>>> print(open('data_27.cif').read())   # mmCIF, C-alpha atoms and all ligand atoms
data_coords
loop_
_atom_site.label_atom_id
_atom_site.label_comp_id
_atom_site.auth_asym_id
_atom_site.auth_seq_id
_atom_site.Cartn_x
_atom_site.Cartn_y
_atom_site.Cartn_z
CA MET A 1 147.73 71.94 149.33
CA ASN A 2 149.16 68.41 149.20
CA ALA A 3 147.16 65.19 148.96
CA GLN A 4 147.49 64.51 152.69
CA SER A 5 145.88 67.86 153.54
CA GLN A 6 143.13 67.28 150.95
CA ILE A 7 142.45 63.86 152.48
CA GLU A 8 142.16 65.40 155.94
CA ILE A 9 139.45 67.71 154.57
CA LEU A 10 137.70 64.74 152.97
CA ARG A 11 137.80 62.84 156.27
CA GLY A 12 136.44 65.86 158.15
CA GLN A 13 133.68 67.13 155.86
CA GLY A 14 133.01 64.16 153.56
CA TYR A 15 134.19 65.88 150.38
CA VAL A 16 137.03 67.99 149.12
CA VAL A 17 137.47 70.08 145.98
CA VAL A 18 140.87 69.93 144.31
CA PRO A 19 141.11 72.80 141.81
CA GLY A 20 142.94 72.07 138.56
CA PHE A 21 143.49 68.37 139.29
CA VAL A 22 143.40 67.58 135.55
CA PRO A 23 145.92 69.43 133.35
CA ALA A 24 144.36 71.72 130.70
CA LEU A 25 145.49 69.66 127.69
CA GLN A 26 144.03 66.51 129.20
CA VAL A 27 140.74 68.32 129.94
CA THR A 28 140.55 69.30 126.27
CA LYS A 29 141.12 65.70 125.16
CA LEU A 30 138.54 64.41 127.63
CA SER A 31 136.01 67.02 126.52
CA VAL A 32 136.48 66.09 122.86
CA ALA A 33 136.11 62.38 123.69
CA ALA A 34 133.00 63.15 125.76
CA ARG A 35 131.31 64.97 122.89
CA VAL A 36 132.22 62.20 120.43
CA GLN A 37 130.77 59.58 122.78
CA LEU A 38 127.55 61.53 123.29
CA ALA A 39 127.07 62.04 119.56
CA ALA A 40 127.80 58.36 118.81
CA TYR A 41 125.03 57.21 121.16
CA VAL A 42 126.84 53.93 121.94
CA GLU A 43 125.40 51.58 124.58
CA PRO A 44 125.46 51.08 127.55
CA LEU A 45 123.43 54.24 128.13
CA GLU A 46 121.09 55.44 130.83
CA PHE A 47 118.30 57.81 129.88
CA GLU A 48 116.37 60.43 131.83
CA ALA A 49 113.26 58.22 131.58
CA ASP A 50 115.14 55.37 133.35
CA LEU A 51 115.76 57.46 136.47
CA ARG A 52 112.24 58.20 137.69
CA TYR A 53 113.65 61.30 139.39
CA PRO A 54 111.37 64.27 140.17
CA GLY A 55 110.61 66.12 136.94
CA ALA A 56 112.23 63.50 134.68
CA PRO A 57 110.23 62.35 131.65
CA ARG A 58 108.14 59.35 132.72
CA SER A 59 108.77 57.10 129.72
CA HIS A 60 111.13 56.73 126.78
CA THR A 61 108.36 57.92 124.45
CA ASP A 62 107.63 61.10 126.43
CA ALA A 63 109.29 64.33 125.30
CA GLY A 64 112.93 64.16 126.44
CA GLY A 65 112.66 60.54 127.64
CA GLU A 66 115.64 59.49 125.56
CA THR A 67 117.85 62.30 126.76
CA ILE A 68 121.10 60.64 127.82
CA ARG A 69 121.97 61.02 131.50
CA ARG A 70 124.85 58.57 131.87
CA LEU A 71 127.18 56.94 129.36
CA LEU A 72 128.06 53.87 131.39
CA ASP A 73 131.38 52.02 131.53
CA ALA A 74 133.42 55.13 130.87
CA TYR A 75 136.57 53.09 131.58
CA GLY A 76 135.89 50.82 128.59
CA ARG A 77 134.74 53.56 126.20
CA ASP A 78 137.83 55.54 125.45
CA PRO A 79 141.53 55.33 126.39
CA GLU A 80 141.35 58.95 127.62
CA PHE A 81 138.64 57.97 130.09
CA ALA A 82 140.61 54.90 131.23
CA GLY A 83 143.74 57.03 131.51
CA ILE A 84 142.27 59.60 133.87
CA ALA A 85 140.64 56.88 135.99
CA THR A 86 143.97 55.15 136.56
CA SER A 87 146.42 58.05 136.38
CA ALA A 88 149.46 57.98 138.67
CA ARG A 89 148.30 61.09 140.56
CA LEU A 90 144.87 59.61 141.22
CA ARG A 91 146.31 56.25 142.25
CA GLU A 92 148.68 57.92 144.70
CA TRP A 93 145.83 60.01 146.12
CA MET A 94 143.63 56.97 146.65
CA GLU A 95 146.48 54.86 148.06
CA THR A 96 147.23 57.60 150.55
CA TYR A 97 143.57 57.68 151.57
CA PHE A 98 143.06 53.91 151.84
CA GLY A 99 146.57 53.02 153.04
CA GLU A 100 146.68 50.01 150.72
CA ALA A 101 146.40 49.00 147.07
CA VAL A 102 143.29 50.33 145.37
CA LEU A 103 140.61 48.97 143.04
CA LEU A 104 138.45 50.90 140.59
CA SER A 105 134.86 49.63 140.49
CA ARG A 106 133.41 49.09 137.04
CA ALA A 107 129.96 48.46 138.54
CA HIS A 108 129.44 51.80 140.28
CA HIS A 109 129.63 55.26 138.73
CA ASN A 110 132.32 54.59 136.11
CA CYS A 111 130.38 56.88 133.81
CA LEU A 112 130.36 60.00 131.75
CA MET A 113 127.57 61.96 133.38
CA THR A 114 125.73 64.39 131.14
CA LYS A 115 123.10 66.83 132.29
CA HIS A 116 121.10 68.39 129.50
CA PRO A 117 119.19 71.67 129.44
CA LEU A 118 115.42 71.26 129.67
CA TYR A 119 115.32 67.53 130.44
CA GLY A 120 118.31 67.14 132.77
CA SER A 121 116.46 66.37 136.00
CA LEU A 122 117.50 67.06 139.58
CA THR A 123 118.87 64.31 141.83
CA GLY A 124 117.43 64.12 145.36
CA TRP A 125 119.49 63.85 148.56
CA HIS A 126 121.16 60.48 148.92
CA ARG A 127 124.21 58.51 149.97
CA ASP A 128 125.84 56.55 147.15
CA ILE A 129 126.30 53.53 149.42
CA ARG A 130 122.51 52.96 149.35
CA PHE A 131 122.72 50.47 146.47
CA TRP A 132 126.29 49.33 146.95
CA SER A 133 127.42 46.33 148.94
CA PHE A 134 130.93 46.05 150.39
CA GLU A 135 132.43 44.67 153.60
CA ARG A 136 132.92 48.22 154.88
CA GLU A 137 131.20 51.47 153.96
CA ASP A 138 134.44 53.04 152.87
CA LEU A 139 134.65 53.98 149.22
CA VAL A 140 135.62 57.28 147.65
CA SER A 141 134.36 58.67 144.36
CA VAL A 142 136.02 61.30 142.25
CA TRP A 143 134.00 63.68 140.08
CA PHE A 144 135.90 65.45 137.30
CA ALA A 145 134.28 68.58 135.91
CA LEU A 146 134.92 68.85 132.17
CA GLY A 147 133.37 72.33 132.12
CA ALA A 148 132.10 74.88 134.64
CA GLU A 149 129.62 73.47 137.17
CA THR A 150 127.43 75.92 139.05
CA VAL A 151 124.04 75.94 140.72
CA ASP A 152 122.62 77.17 137.40
CA ASN A 153 123.67 74.15 135.36
CA GLY A 154 122.93 71.46 137.94
CA ALA A 155 126.04 71.30 140.10
CA LEU A 156 126.42 69.00 143.09
CA TRP A 157 125.42 69.95 146.63
CA PHE A 158 126.99 68.30 149.69
CA VAL A 159 126.09 68.24 153.39
CA PRO A 160 129.40 68.72 155.26
CA GLY A 161 130.03 66.06 157.90
CA SER A 162 127.04 63.93 156.86
CA HIS A 163 129.26 60.93 156.08
CA LYS A 164 129.80 60.50 159.83
CA ALA A 165 126.12 60.65 160.83
CA ALA A 166 124.26 57.50 161.91
CA PHE A 167 120.78 57.75 160.39
CA GLY A 168 117.89 55.39 161.10
CA ALA A 169 116.14 53.89 158.07
CA ASP A 170 113.15 56.20 158.75
CA ARG A 171 115.23 59.22 157.67
CA PHE A 172 115.08 57.88 154.08
CA ASP A 173 112.17 57.13 151.76
CA ASP A 174 111.48 53.80 150.07
CA ALA A 175 113.91 54.63 147.26
CA LYS A 176 116.53 55.49 149.92
CA PHE A 177 116.44 59.22 149.27
CA PHE A 178 116.93 61.38 152.37
CA ARG A 179 113.51 62.77 153.30
CA ALA A 180 113.59 66.56 152.96
CA ASP A 181 110.06 66.75 154.45
CA ARG A 182 111.30 65.84 157.96
CA ALA A 183 112.28 68.75 160.24
CA ASP A 184 115.45 67.01 161.49
CA ASN A 185 116.58 66.25 157.95
CA ALA A 186 115.67 69.73 156.71
CA ALA A 187 117.82 71.29 159.44
CA MET A 188 120.81 69.30 158.20
CA LEU A 189 120.13 70.13 154.58
CA ARG A 190 120.23 73.86 155.36
CA THR A 191 123.97 73.43 155.94
CA ALA A 192 124.55 72.12 152.39
CA GLU A 193 127.10 73.72 150.11
CA SER A 194 127.45 73.69 146.34
CA PRO A 195 131.09 74.21 145.35
CA ARG A 196 131.60 75.98 142.03
CA LEU A 197 133.78 73.89 139.77
CA ALA A 198 135.88 74.89 136.78
CA ALA A 199 136.96 72.56 133.97
CA GLY A 200 139.64 70.24 135.32
CA ASP A 201 138.61 70.53 138.98
CA ALA A 202 138.01 67.31 140.92
CA VAL A 203 135.69 66.65 143.85
CA PHE A 204 136.49 63.64 146.01
CA PHE A 205 133.59 62.45 148.17
CA HIS A 206 132.87 59.62 150.57
CA CYS A 207 130.21 57.03 149.78
CA ASN A 208 128.22 58.10 152.87
CA THR A 209 128.22 61.84 152.15
CA LEU A 210 124.73 63.17 151.54
CA HIS A 211 124.62 64.91 148.19
CA SER A 212 122.18 66.05 145.54
CA ALA A 213 122.26 68.05 142.31
CA GLY A 214 119.95 70.52 140.62
CA LYS A 215 118.43 70.82 137.17
CA ASN A 216 120.42 72.21 134.30
CA LEU A 217 118.89 75.64 133.73
CA SER A 218 121.57 76.72 131.26
CA ASP A 219 121.51 76.18 127.50
CA ALA A 220 124.54 73.85 127.32
CA VAL A 221 125.07 70.20 128.22
CA LYS A 222 127.16 69.68 131.37
CA PHE A 223 129.76 66.88 131.17
CA SER A 224 131.45 65.18 134.14
CA LEU A 225 133.39 61.93 134.61
CA VAL A 226 132.80 59.94 137.79
CA TYR A 227 134.68 56.94 139.21
CA SER A 228 134.58 55.05 142.52
CA TYR A 229 137.43 53.33 144.38
CA HIS A 230 137.99 51.13 147.41
CA GLY A 231 140.89 49.53 149.22
CA ARG A 232 141.86 45.95 148.33
CA SER A 233 140.84 44.65 151.78
CA ASN A 234 137.27 45.96 151.36
CA ALA A 235 135.73 43.36 149.07
CA ALA A 236 132.41 43.65 147.26
CA THR A 237 129.81 41.20 148.62
CA ALA A 238 129.62 38.12 146.39
CA GLY A 239 126.41 37.86 144.39
CA THR A 240 125.58 41.59 144.56
CA ARG A 241 125.68 44.19 141.82
CA SER A 242 128.86 45.55 143.42
CA ALA A 243 130.62 42.26 142.58
CA SER A 244 129.07 41.94 139.13
CA LYS A 245 131.97 43.32 137.11
CA ALA A 246 135.68 42.59 137.29
CA GLU A 247 137.42 45.52 138.97
CA ILE A 248 140.53 47.34 137.82
CA ALA A 249 143.53 47.05 140.13
CA LEU A 250 145.51 50.27 140.13
CA PRO A 251 149.15 49.26 139.90
CA PRO A 252 150.77 49.85 143.33
CA ARG A 253 153.39 52.56 143.78
CA GLN A 254 156.92 51.37 142.94
O1 LIG B 301 124.45 65.10 138.57
C1 LIG B 301 123.61 64.67 139.35
O2 LIG B 301 122.42 64.82 139.15
C2 LIG B 301 124.07 63.92 140.58
C3 LIG B 301 124.36 62.49 140.35
C4 LIG B 301 124.60 61.76 141.63
O3 LIG B 301 124.56 62.30 142.71
C5 LIG B 301 124.90 60.35 141.60
O4 LIG B 301 124.91 59.75 140.54
O5 LIG B 301 125.13 59.78 142.70
#
>>> encode(input="data_27.cif", output="structure tokens")
Amino acid sequence: MNAQSQIEILRGQGYVVVPGFVPALQVTKLSVAARVQLAAYVEPLEFEADLRYPGAPRSHTDAGGETIRRLLDAYGRDPEFAGIATSARLREWMETYFGEAVLLSRAHHNCLMTKHPLYGSLTGWHRDIRFWSFEREDLVSVWFALGAETVDNGALWFVPGSHKAAFGADRFDDAKFFRADRADNAAMLRTAESPRLAAGDAVFFHCNTLHSAGKNLSDAVKFSLVYSYHGRSNAATAGTRSASKAEIALPPRQ
């Protein structure tokens, strides 16, 4: 399936899985870099205790509180991570989607996401746009699986078509999570799907697509790389977190 067909699926259902997007050798290099980065414990890091998600340790001193959840600024950490974020294939994909030159945000996602056994907590239903601020709600993230991702090790779940829904503020809680306790929301959530991913697969998803992820019930750490992009004409709002870091312009197609 070509990029145009993949983009049509993204536009229709709010996400699309592209099997084998990352070549095997590159996956190996990224996996090695990911393990080196995790072992090196280099800031900026986000810990399970920082999240306040259901089931996460409540403080840094609680058991598992200093389990790493995100190694932030993936782009700046390792040339392999920068390379995949700005690769020609990814740039072309994003340019085809946005129809213009594309910027990589360093303020949103831009992380190596780890989910650990035992303390890797679940993420409730949400739209990524909840804490982002741009002229238009039109950004796309790409999630690269560096190993298998299944329901058992905390894979993503998506609600097909949810990126097109207009929800009132009452459908979300104070932390802007989609309220699973409401009957109307619960009916939507019953349609959710969790695509199985293999190492090297990519999932592209819209910033308004409802998604969540489970706990890691396996005995191995799950590693994923996540980046977010927007078209040049869709500027981050000055003074917000979205505008807090210089973005990376992906060189336009020659
Ligand atoms: O791996 C997870 O728990 C999901 C993370 C997520 O949905 C997010 O960071 O927006």
>>> residues_near_ligand(input="data_27.cif", ligand="ligand LIG 301 (chain B)", cutoff="8 Å", atoms="all atoms listed in the file", output="PyMOL selection string")
chain A and resi 109+113-115+120-128+154-156+211-215
>>> closest_residue(input="data_27.cif", among="A:Gly14, A:Gly231, A:Pro251, A:Pro23", to="Glu135 in chain A", atoms="all atoms listed in the file")
A:Gly231
>>> closest_residue(input="data_27.cif", among="A:Ile248, A:Ala175, A:Ala3, A:Leu10", to="Phe158 in chain A", atoms="all atoms listed in the file")
A:Leu10
>>> atom_distance(input="data_27.cif", atom1="CA of Leu250 in chain A", atom2="CA of Ala107 in chain A")
15.7 Å
>>> residues_around(input="data_27.cif", residues="Ala56 in chain A", least_positions_apart="2", cutoff="8 Å", atoms="only C-alpha atoms", output="ChimeraX atom specification")
/A:48-49,51-54,58,65,119-121
>>> write_last_selection(input="data_27.cif", atoms="C-alpha atoms", output="PDB file, in the coordinates of the input")
ATOM      1  CA  GLU A  48     116.370  60.430 131.830  1.00  0.00           C
ATOM      2  CA  ALA A  49     113.260  58.220 131.580  1.00  0.00           C
ATOM      3  CA  LEU A  51     115.760  57.460 136.470  1.00  0.00           C
ATOM      4  CA  ARG A  52     112.240  58.200 137.690  1.00  0.00           C
ATOM      5  CA  TYR A  53     113.650  61.300 139.390  1.00  0.00           C
ATOM      6  CA  PRO A  54     111.370  64.270 140.170  1.00  0.00           C
ATOM      7  CA  ARG A  58     108.140  59.350 132.720  1.00  0.00           C
ATOM      8  CA  GLY A  65     112.660  60.540 127.640  1.00  0.00           C
ATOM      9  CA  TYR A 119     115.320  67.530 130.440  1.00  0.00           C
ATOM     10  CA  GLY A 120     118.310  67.140 132.770  1.00  0.00           C
ATOM     11  CA  SER A 121     116.460  66.370 136.000  1.00  0.00           C
TER      12      SER A 121
END
>>> atom_distance(input="data_27.cif", atom1="CA of His206 in chain A", atom2="CA of Ile68 in chain A")
25.6 Å
